[in-house]
>>> print(open('coords-v3.csv').read())   # CSV, C-alpha atoms
chain,number,residue,atom,x,y,z
A,234,ARG,CA,68.6,108.6,69.5
A,235,LEU,CA,70.0,106.4,72.2
A,236,PRO,CA,72.2,108.0,74.8
A,237,ALA,CA,75.9,107.7,74.4
A,238,PRO,CA,77.2,104.6,76.2
A,239,SER,CA,79.1,105.3,79.4
A,240,GLN,CA,82.8,104.4,79.8
A,241,GLN,CA,81.8,101.5,82.1
A,242,GLU,CA,79.4,100.1,79.4
A,243,THR,CA,82.0,100.3,76.7
A,244,ARG,CA,85.0,99.0,78.8
A,245,LEU,CA,85.8,95.4,78.2
A,246,VAL,CA,85.9,93.5,81.5
A,247,ALA,CA,88.1,90.4,81.7
A,248,ARG,CA,86.6,88.0,84.2
A,249,PRO,CA,88.6,85.9,86.6
A,250,ARG,CA,90.1,82.6,85.4
A,251,SER,CA,91.1,81.1,88.7
A,252,ARG,CA,90.0,81.0,92.3
A,253,ASP,CA,92.8,83.4,93.4
A,254,GLU,CA,91.7,85.9,90.7
A,255,GLN,CA,88.1,85.5,91.7
A,256,GLU,CA,88.9,86.3,95.4
A,257,LEU,CA,91.1,89.2,94.5
A,258,THR,CA,88.4,90.7,92.1
A,259,ALA,CA,85.8,90.5,94.8
A,260,LEU,CA,88.2,92.2,97.3
A,261,TRP,CA,88.9,95.0,94.8
A,262,GLU,CA,85.3,95.5,94.0
A,263,GLN,CA,84.5,95.8,97.7
A,264,LEU,CA,87.3,98.2,98.6
A,265,LEU,CA,87.0,100.4,95.4
A,266,GLY,CA,83.2,100.4,95.3
A,267,THR,CA,83.3,99.6,91.6
A,268,HIS,CA,81.6,96.8,89.8
A,269,PRO,CA,82.5,95.0,87.6
A,270,ILE,CA,86.3,95.0,87.8
A,271,GLY,CA,88.4,93.2,85.2
A,272,ILE,CA,91.5,91.2,86.0
A,273,PHE,CA,93.6,93.5,83.8
A,274,ASP,CA,92.3,96.8,85.3
A,275,ASN,CA,94.9,99.0,87.1
A,276,PHE,CA,94.2,99.5,90.8
A,277,PHE,CA,95.3,103.1,90.8
A,278,GLU,CA,93.5,104.0,87.6
A,279,LEU,CA,90.3,102.7,89.2
A,280,GLY,CA,90.6,105.2,92.0
A,281,GLY,CA,92.9,103.3,94.4
A,282,HIS,CA,95.1,105.5,96.6
A,283,SER,CA,97.7,105.0,99.4
A,284,LEU,CA,95.2,104.4,102.2
A,285,LEU,CA,93.1,101.9,100.2
A,286,ALA,CA,96.4,100.2,99.1
A,287,ILE,CA,97.3,99.7,102.8
A,288,ARG,CA,93.9,98.1,103.4
A,289,LEU,CA,94.1,96.0,100.3
A,290,MET,CA,97.5,94.5,101.1
A,291,GLY,CA,96.4,93.9,104.6
A,292,GLU,CA,93.4,91.9,103.3
A,293,VAL,CA,95.6,90.0,100.9
A,294,ARG,CA,98.0,89.0,103.7
A,295,GLN,CA,95.0,87.8,105.8
A,296,GLN,CA,93.2,85.9,103.0
A,297,PHE,CA,96.3,84.3,101.3
A,298,SER,CA,98.6,84.1,104.3
A,299,GLN,CA,101.5,85.7,102.4
A,300,GLU,CA,103.5,88.8,103.5
A,301,LEU,CA,103.8,91.1,100.5
A,302,PRO,CA,105.1,94.7,100.8
A,303,LEU,CA,103.0,97.6,99.6
A,304,GLN,CA,105.4,98.5,96.7
A,305,VAL,CA,104.2,95.3,95.0
A,306,LEU,CA,101.2,97.2,93.9
A,307,PHE,CA,103.3,99.5,91.7
A,308,THR,CA,104.9,96.7,89.8
A,309,ARG,CA,101.8,94.4,89.8
A,310,PRO,CA,98.8,96.7,89.9
A,311,THR,CA,96.2,94.3,88.4
A,312,VAL,CA,94.3,91.3,89.7
A,313,ALA,CA,96.0,89.0,87.1
A,314,GLU,CA,99.5,90.1,88.0
A,315,LEU,CA,99.0,90.0,91.8
A,316,ALA,CA,97.3,86.6,91.5
A,317,GLU,CA,100.3,85.3,89.5
A,318,LEU,CA,102.7,86.5,92.3
A,319,LEU,CA,100.6,84.8,95.0
A,320,GLN,CA,100.5,81.6,93.1
A,321,LYS,CA,104.3,81.6,92.9
A,322,GLY,CA,104.5,82.2,96.6
A,323,GLY,CA,106.1,85.6,96.2
A,324,GLU,CA,109.0,84.2,94.3
A,325,LEU,CA,108.6,86.6,91.4
A,326,TRP,CA,109.2,89.6,93.6
A,327,SER,CA,112.3,90.9,95.3
A,328,PHE,CA,112.8,94.2,97.2
A,329,SER,CA,114.2,97.1,95.3
A,330,PRO,CA,114.7,100.7,96.6
A,331,ILE,CA,113.8,102.0,93.1
A,332,VAL,CA,110.0,101.7,92.8
A,333,ALA,CA,108.6,102.0,89.3
A,334,ILE,CA,105.5,104.1,90.1
A,335,GLN,CA,105.1,105.2,86.5
A,336,PRO,CA,107.8,103.8,84.2
A,337,ARG,CA,106.3,104.8,80.8
A,338,GLY,CA,107.2,107.7,78.6
A,339,HIS,CA,110.2,109.0,76.6
A,340,ARG,CA,111.1,112.0,78.8
A,341,PRO,CA,114.0,111.8,81.2
A,342,ALA,CA,113.1,109.9,84.4
A,343,LEU,CA,112.4,111.8,87.6
A,344,TYR,CA,113.5,110.0,90.9
A,345,CYS,CA,111.8,111.1,94.1
A,346,CYS,CA,112.8,110.5,97.7
A,347,PRO,CA,109.7,110.4,100.1
A,348,GLY,CA,109.5,112.0,103.4
A,349,ALA,CA,110.2,110.6,106.9
A,350,GLY,CA,109.2,107.0,107.1
A,351,GLY,CA,110.5,106.3,103.6
A,352,HIS,CA,107.3,105.0,102.0
A,353,THR,CA,106.7,105.8,98.3
A,354,LEU,CA,103.0,104.9,98.2
A,355,TYR,CA,101.7,108.4,98.7
A,356,LEU,CA,103.6,109.7,95.7
A,357,HIS,CA,101.3,107.9,93.2
A,358,ALA,CA,99.0,110.8,92.7
A,359,LEU,CA,101.9,113.0,91.7
A,360,ALA,CA,103.2,110.4,89.3
A,361,ARG,CA,99.7,110.1,87.7
A,362,ALA,CA,99.3,113.9,87.5
A,363,LEU,CA,102.7,114.3,85.7
A,364,GLY,CA,101.2,112.2,82.9
A,365,ASP,CA,101.9,109.0,81.0
A,366,ASP,CA,104.9,110.5,79.2
A,367,GLN,CA,106.9,111.3,82.3
A,368,PRO,CA,108.7,108.3,83.9
A,369,PHE,CA,108.5,108.6,87.7
A,370,TYR,CA,110.4,106.5,90.2
A,371,GLY,CA,110.2,106.5,94.0
A,372,LEU,CA,113.2,105.7,96.2
A,373,GLU,CA,112.0,103.5,99.0
A,374,ALA,CA,113.9,103.3,102.3
A,375,ALA,CA,115.8,100.0,102.9
A,376,GLY,CA,114.4,99.6,106.4
A,377,LEU,CA,110.9,98.9,104.9
A,378,ASP,CA,111.9,95.6,103.5
A,379,GLY,CA,111.4,94.1,106.9
A,380,GLN,CA,115.0,92.8,107.0
A,381,SER,CA,117.5,95.6,106.6
A,382,PRO,CA,118.0,98.2,109.4
A,383,PRO,CA,117.2,101.8,108.7
A,384,HIS,CA,120.0,104.1,107.5
A,385,THR,CA,121.3,106.3,110.3
A,386,THR,CA,122.8,109.1,108.2
A,387,VAL,CA,121.7,111.0,105.1
A,388,GLU,CA,125.0,110.2,103.5
A,389,ALA,CA,124.5,106.5,103.9
A,390,ALA,CA,121.0,106.6,102.5
A,391,ALA,CA,122.0,108.7,99.6
A,392,ALA,CA,125.0,106.4,98.8
A,393,ALA,CA,122.7,103.4,98.8
A,394,TYR,CA,120.3,105.1,96.4
A,395,VAL,CA,123.0,106.4,94.2
A,396,GLY,CA,124.4,102.9,93.8
A,397,GLU,CA,121.0,101.5,92.7
A,398,LEU,CA,120.3,104.6,90.6
A,399,ARG,CA,123.4,104.1,88.5
A,400,ARG,CA,122.6,100.5,87.9
A,401,HIS,CA,119.1,101.6,86.8
A,402,GLN,CA,120.3,104.5,84.7
A,403,PRO,CA,124.0,104.2,84.1
A,404,VAL,CA,124.6,107.8,82.9
A,405,GLY,CA,123.1,111.2,83.5
A,406,PRO,CA,121.7,113.7,83.4
A,407,TYR,CA,119.9,112.7,86.6
A,408,PHE,CA,116.6,114.5,87.6
A,409,LEU,CA,116.1,114.3,91.4
A,410,ALA,CA,113.3,115.4,93.7
A,411,GLY,CA,112.6,115.0,97.4
A,412,HIS,CA,109.6,115.7,99.6
A,413,SER,CA,109.9,116.8,103.2
A,414,PHE,CA,112.9,115.0,104.8
A,415,GLY,CA,113.5,113.3,101.4
A,416,ALA,CA,114.7,116.6,100.0
A,417,GLN,CA,117.9,116.3,102.1
A,418,ILE,CA,118.6,112.8,100.7
A,419,ALA,CA,118.0,114.1,97.1
A,420,PHE,CA,120.4,117.0,97.8
A,421,GLU,CA,123.1,114.6,99.1
A,422,MET,CA,122.5,112.3,96.1
A,423,ALA,CA,123.1,115.2,93.7
A,424,ARG,CA,126.3,116.0,95.6
A,425,GLN,CA,127.6,112.5,95.4
A,426,LEU,CA,126.7,112.1,91.7
A,427,HIS,CA,128.4,115.4,90.9
A,428,THR,CA,131.6,114.2,92.6
A,429,MET,CA,131.5,111.1,90.4
A,430,GLY,CA,131.5,113.4,87.3
A,431,GLU,CA,127.8,112.9,86.6
A,432,THR,CA,125.4,115.6,85.2
A,433,ILE,CA,122.5,116.8,87.4
A,434,GLY,CA,119.5,117.6,85.3
A,435,ALA,CA,117.4,119.1,88.1
A,436,LEU,CA,117.2,119.1,91.9
A,437,ILE,CA,113.7,119.7,93.1
A,438,VAL,CA,112.8,120.3,96.7
A,439,LEU,CA,109.1,119.6,97.6
A,440,ASP,CA,108.4,121.6,100.7
A,441,GLY,CA,111.4,120.2,102.5
A,442,GLY,CA,113.5,121.8,105.2
A,443,ALA,CA,117.1,122.6,104.5
A,444,PRO,CA,120.0,120.6,106.1
A,445,GLY,CA,121.8,121.9,109.2
A,446,ARG,CA,119.1,121.3,111.8
A,447,GLU,CA,120.0,119.5,115.0
A,448,PRO,CA,118.7,115.9,115.3
A,449,MET,CA,115.4,115.4,116.9
A,450,GLU,CA,115.1,112.8,119.7
A,451,MET,CA,111.8,111.2,118.5
A,452,ASP,CA,110.8,108.1,120.5
A,453,GLU,CA,108.5,105.3,119.6
A,454,VAL,CA,105.5,106.8,121.4
A,455,GLU,CA,105.9,110.2,119.5
A,456,ALA,CA,106.2,108.4,116.2
A,457,ILE,CA,103.1,106.3,116.7
A,458,LEU,CA,101.1,109.3,117.8
A,459,GLY,CA,102.3,111.3,114.8
A,460,TYR,CA,101.5,108.6,112.3
A,461,GLU,CA,98.1,107.7,113.8
A,462,SER,CA,97.0,111.3,113.6
A,463,LEU,CA,98.3,111.6,110.0
A,464,MET,CA,96.6,108.4,108.8
A,465,VAL,CA,93.2,108.6,110.5
A,466,GLN,CA,92.7,112.3,109.7
A,467,GLU,CA,93.0,111.5,106.0
A,468,VAL,CA,89.8,109.4,106.3
A,469,GLY,CA,88.0,112.0,108.5
A,470,ASP,CA,88.5,110.3,111.8
A,471,ARG,CA,90.0,111.7,115.0
A,472,PRO,CA,93.2,110.2,116.6
A,473,GLU,CA,92.4,108.3,119.8
A,474,LEU,CA,95.8,107.2,121.2
A,475,LYS,CA,97.3,109.2,124.1
A,476,ALA,CA,100.9,109.4,125.2
A,477,GLU,CA,100.1,108.5,128.8
A,478,GLU,CA,98.4,105.4,127.6
A,479,LEU,CA,101.3,104.2,125.4
A,480,LYS,CA,104.3,105.0,127.6
A,481,PRO,CA,103.9,102.2,130.2
A,482,LEU,CA,103.5,99.5,127.4
A,483,SER,CA,105.9,97.3,125.6
A,484,SER,CA,106.8,98.0,122.0
A,485,GLU,CA,104.5,95.2,120.7
A,486,GLU,CA,101.6,96.4,122.9
A,487,ARG,CA,102.0,99.9,121.5
A,488,LEU,CA,101.9,98.7,117.9
A,489,GLN,CA,98.9,96.6,118.7
A,490,LEU,CA,97.0,99.7,119.9
A,491,PHE,CA,98.2,101.6,116.9
A,492,LYS,CA,96.9,98.8,114.6
A,493,GLN,CA,93.6,98.7,116.4
A,494,SER,CA,93.2,102.5,115.8
A,495,LEU,CA,93.8,102.0,112.1
A,496,VAL,CA,91.4,99.0,112.0
A,497,LYS,CA,88.7,101.1,113.6
A,498,ALA,CA,89.3,103.8,110.9
A,499,GLY,CA,88.9,101.2,108.2
A,500,LEU,CA,92.5,101.4,107.1
A,501,LEU,CA,93.6,97.9,108.1
A,502,PRO,CA,91.8,94.5,108.4
A,503,ALA,CA,91.7,93.1,111.9
A,504,GLY,CA,94.1,90.2,111.3
A,505,THR,CA,96.9,92.4,109.9
A,506,SER,CA,100.4,91.8,111.3
A,507,THR,CA,102.2,94.7,113.0
A,508,ASP,CA,105.4,94.1,111.0
A,509,PHE,CA,104.7,96.8,108.4
A,510,LEU,CA,103.8,99.3,111.2
A,511,ARG,CA,107.0,98.4,113.1
A,512,ALA,CA,109.2,99.0,110.1
A,513,LEU,CA,107.4,102.3,109.3
A,514,ILE,CA,107.9,103.6,112.9
A,515,ALA,CA,111.5,102.5,113.0
A,516,GLU,CA,112.3,104.3,109.8
A,517,ALA,CA,110.6,107.5,110.9
A,518,ILE,CA,112.5,107.5,114.2
A,519,ALA,CA,115.8,107.0,112.4
A,520,ASN,CA,115.0,109.8,109.9
A,521,HIS,CA,114.3,112.3,112.7
A,522,ARG,CA,117.5,111.5,114.5
A,523,VAL,CA,120.0,112.1,111.7
A,524,GLU,CA,122.4,115.0,111.7
A,525,TYR,CA,123.4,116.4,108.3
A,526,HIS,CA,125.7,119.4,107.7
A,527,PRO,CA,126.8,119.4,104.0
A,528,THR,CA,128.9,122.0,102.2
A,529,ARG,CA,127.5,124.3,99.6
A,530,PHE,CA,126.5,122.8,96.2
A,531,GLU,CA,126.8,125.0,93.1
A,532,ALA,CA,126.6,122.4,90.3
A,533,ALA,CA,122.8,123.0,89.8
A,534,PRO,CA,120.2,125.3,91.2
A,535,ILE,CA,117.8,124.1,93.9
A,536,TYR,CA,114.2,124.4,92.6
A,537,LEU,CA,112.2,124.9,95.8
A,538,ILE,CA,108.4,124.3,95.6
A,539,ALA,CA,106.8,125.5,98.9
A,540,ALA,CA,103.3,124.7,100.1
A,541,ALA,CA,101.1,127.7,100.3
A,542,GLU,CA,98.9,126.7,103.2
A,543,GLY,CA,99.4,125.7,106.9
A,544,ALA,CA,103.2,125.8,106.8
A,545,GLU,CA,105.2,126.3,110.0
A,546,THR,CA,108.0,127.7,107.8
A,547,THR,CA,107.1,130.3,105.1
A,548,GLU,CA,108.4,130.1,101.6
A,549,SER,CA,110.8,133.0,102.2
A,550,GLU,CA,112.2,131.2,105.3
A,551,LEU,CA,112.6,127.9,103.5
A,552,ALA,CA,114.3,129.8,100.6
A,553,ALA,CA,116.7,131.6,103.0
A,554,ASN,CA,117.6,128.3,104.7
A,555,TRP,CA,118.3,126.5,101.5
A,556,SER,CA,120.2,129.5,100.1
A,557,GLU,CA,123.1,128.6,102.5
A,558,TYR,CA,123.6,125.4,100.4
A,559,GLY,CA,123.1,126.6,96.9
A,560,THR,CA,121.3,128.9,94.4
A,561,VAL,CA,117.5,128.7,95.1
A,562,ILE,CA,114.7,129.2,92.5
A,563,CYS,CA,111.4,129.5,94.3
A,564,HIS,CA,107.9,128.4,93.4
A,565,GLU,CA,104.7,128.2,95.5
A,566,THR,CA,102.0,125.6,95.0
A,567,PRO,CA,98.4,125.3,96.5
A,568,GLY,CA,97.8,123.0,99.5
A,569,GLY,CA,99.6,122.1,102.6
A,570,HIS,CA,102.7,120.0,103.3
A,571,LEU,CA,100.9,116.7,102.4
A,572,THR,CA,97.7,118.0,100.6
A,573,MET,CA,99.9,119.5,97.9
A,574,LEU,CA,100.5,115.9,96.8
A,575,TYR,CA,96.8,115.0,96.6
A,576,PRO,CA,94.0,116.0,94.3
A,577,PRO,CA,93.0,118.7,93.4
A,578,ASN,CA,96.2,120.5,94.5
A,579,VAL,CA,98.5,117.9,92.9
A,580,GLN,CA,97.6,119.1,89.4
A,581,SER,CA,99.2,122.5,90.1
A,582,LEU,CA,102.2,120.9,91.6
A,583,ALA,CA,102.6,118.7,88.5
A,584,GLU,CA,102.4,121.7,86.2
A,585,THR,CA,105.2,123.4,88.1
A,586,ILE,CA,107.4,120.3,88.0
A,587,ARG,CA,106.7,119.8,84.3
A,588,MET,CA,107.8,123.4,83.7
A,589,ILE,CA,111.0,122.9,85.7
A,590,LEU,CA,111.9,119.7,83.9
A,591,HIS,CA,111.2,121.2,80.5
A,592,ASN,CA,113.4,124.2,81.3
A,593,ALA,CA,116.1,122.2,83.0
A,594,SER,CA,116.2,119.6,80.2
A,595,ASN,CA,117.8,122.2,77.9
A,596,VAL,CA,120.7,122.9,80.4
A,597,SER,CA,123.5,120.8,81.6
A,598,PHE,CA,124.7,121.3,85.2
A,599,ARG,CA,128.1,119.8,85.7
>>> encode(input="coords-v3.csv", output="structure tokens")
Amino acid sequence: RLPAPSQQETRLVARPRSRDEQELTALWEQLLGTHPIGIFDNFFELGGHSLLAIRLMGEVRQQFSQELPLQVLFTRPTVAELAELLQKGGELWSFSPIVAIQPRGHRPALYCCPGAGGHTLYLHALARALGDDQPFYGLEAAGLDGQSPPHTTVEAAAAAYVGELRRHQPVGPYFLAGHSFGAQIAFEMARQLHTMGETIGALIVLDGGAPGREPMEMDEVEAILGYESLMVQEVGDRPELKAEELKPLSSEERLQLFKQSLVKAGLLPAGTSTDFLRALIAEAIANHRVEYHPTRFEAAPIYLIAAAEGAETTESELAANWSEYGTVICHETPGGHLTMLYPPNVQSLAETIRMILHNASNVSFR
């Protein structure tokens, strides 16, 4: 007659074995609002998301005095794994543009290029919604490693990704996707792979604009204002920075104000370095300045998935623009340009992608 035990009561919780694991566990429990947390529990499966991950890694940098990039959380998403990396002084980690967001499963892997700014962290919800049987990899911009300069052309970014992709998966078919600006990089990757004689399994555009637009002269102030608005609104806050306030300042002073806004919104700890923000802004500026005018691509159809809400460009306009560069098959998904990638809308998006991958897996596009 006793009530059925809850999942938390039945879950085995592995307790910390070292001081580092103890400090990390306490940090995770505070940020995730969950207690107890075991050292082998997955950060994302406990409810962690992109904004919490930014805060977590900021706290880690502050407490342990080590600079680790956000993508570490994909490869080491548990307290035990992260503590091991910290104990080794980061020696176990090296930057790779191919980020294993969800590497399990026997289906053909899907490789996805993120939007302007080049960060893959916000793609985690989509990877999770696609399920444990669908391997999903993000393609992280080289400029985010804190050492390499951003790519200045779509062709160069795609060539770098293709080189890494062929080392990771030597032969096709290749299943590619791109969100927003990343759709153009995925398109160029498909073109380059095709010229190498490789097979394209599918090319999926996630609410991305077609090539051919003129480059946009985005400066640092505009990029900071755009990212501040995007990030603080996700946690229900209002952006505070103003262009007239930022323009007279130096680059470092602007980034400090940007950081202070994110600290106030609870997205970063106060002692966070501005290095990550500097790389993010530089990558976004470089992405907006590129000019890309490819020729038509007929080796595979372009599967366009357009956001249903709040779009400046309608599905029909997106389809018409992309149709200049290939055969377009249209789908629409609930949500806006970004919210399509977050719960609850991401479930519908995942269902559409699964259907596309299932249908495309039975066809070879050479």
>>> residues_around(input="coords-v3.csv", residues="Ala390 in chain A", least_positions_apart="5", cutoff="9 Å", atoms="all atoms listed in the file", output="PyMOL selection string")
chain A and resi 374-375+383-385+395+418+421-422
>>> closest_atom_pairs(input="coords-v3.csv", of="range 520-580 of chain A", to="range 342-355 of chain A", cutoff="9 Å", atoms="only C-alpha atoms", output="Markdown table")
| residue | atom | partner | partner_atom | distance |
| --- | --- | --- | --- | --- |
| A:Asn520 | CA | A:Ala349 | CA | 5.7 |
| A:His521 | CA | A:Ala349 | CA | 7.3 |
| A:Leu574 | CA | A:Tyr355 | CA | 7.8 |
| A:Tyr575 | CA | A:Tyr355 | CA | 8.5 |
>>> closest_residue(input="coords-v3.csv", among="A:Asn578, A:Ser484, A:Ser494, A:Thr308", to="Phe277 in chain A", atoms="only C-alpha atoms")
A:Thr308
>>> closest_residue(input="coords-v3.csv", among="A:Glu317, A:Asp440, A:Glu278, A:Glu262", to="Gly568 in chain A", atoms="only C-alpha atoms")
A:Asp440
>>> atom_distance(input="coords-v3.csv", atom1="CA of Tyr525 in chain A", atom2="CA of Gly441 in chain A")
13.9 Å
>>> atom_distance(input="coords-v3.csv", atom1="CA of Ala392 in chain A", atom2="CA of Gly371 in chain A")
15.6 Å
>>> atom_distance(input="coords-v3.csv", atom1="CA of Ala423 in chain A", atom2="CA of Tyr407 in chain A")
8.2 Å
>>> closest_residue(input="coords-v3.csv", among="A:Ala360, A:Gly504, A:Ser329, A:Arg446", to="Val305 in chain A", atoms="only C-alpha atoms")
A:Ser329
>>> closest_atom_pairs(input="coords-v3.csv", of="range 387-485 of chain A", to="range 539-542 of chain A", cutoff="12 Å", atoms="all atoms listed in the file", output="tab-separated table")
residue	atom	partner	partner_atom	distance
A:His412	CA	A:Ala539	CA	10.2
A:Ser413	CA	A:Ala539	CA	10.2
A:Ala416	CA	A:Ala539	CA	12.0
A:Ile437	CA	A:Ala539	CA	10.7
A:Val438	CA	A:Ala539	CA	8.2
A:Leu439	CA	A:Ala539	CA	6.5
A:Asp440	CA	A:Ala539	CA	4.6
A:Gly441	CA	A:Ala539	CA	7.9
A:Gly442	CA	A:Ala539	CA	9.9
>>> closest_residue(input="coords-v3.csv", among="A:Gln417, A:Pro302, A:Gly364, A:Asp253", to="Thr386 in chain A", atoms="all atoms listed in the file")
A:Gln417
>>> closest_residue(input="coords-v3.csv", among="A:Glu473, A:Glu524, A:Asp452, A:Glu397", to="Leu372 in chain A", atoms="all atoms listed in the file")
A:Glu397
>>> residues_around(input="coords-v3.csv", residues="Phe420 in chain A", least_positions_apart="4", cutoff="9 Å", atoms="all atoms listed in the file", output="count of residues only")
13
>>> closest_residue(input="coords-v3.csv", among="A:Leu318, A:Leu513, A:Val312, A:Ala333", to="Tyr460 in chain A", atoms="all atoms listed in the file")
A:Leu513
>>> residues_around(input="coords-v3.csv", residues="range 299-301 of chain A", least_positions_apart="3", cutoff="8 Å", atoms="all atoms listed in the file", output="PyMOL selection string")
chain A and resi 290+293-295+305+319+322-323
>>> residues_around(input="coords-v3.csv", residues="Gln466 in chain A", least_positions_apart="2", cutoff="12 Å", atoms="only C-alpha atoms", output="list in words")
Leu284, Gly459, Tyr460, Glu461, Ser462, Leu463, Met464, Val468, Gly469, Asp470, Arg471, Pro472, Glu473, Ser494, Leu495, Ala498, Gly499, Leu500, Leu571 and Thr572 of chain A
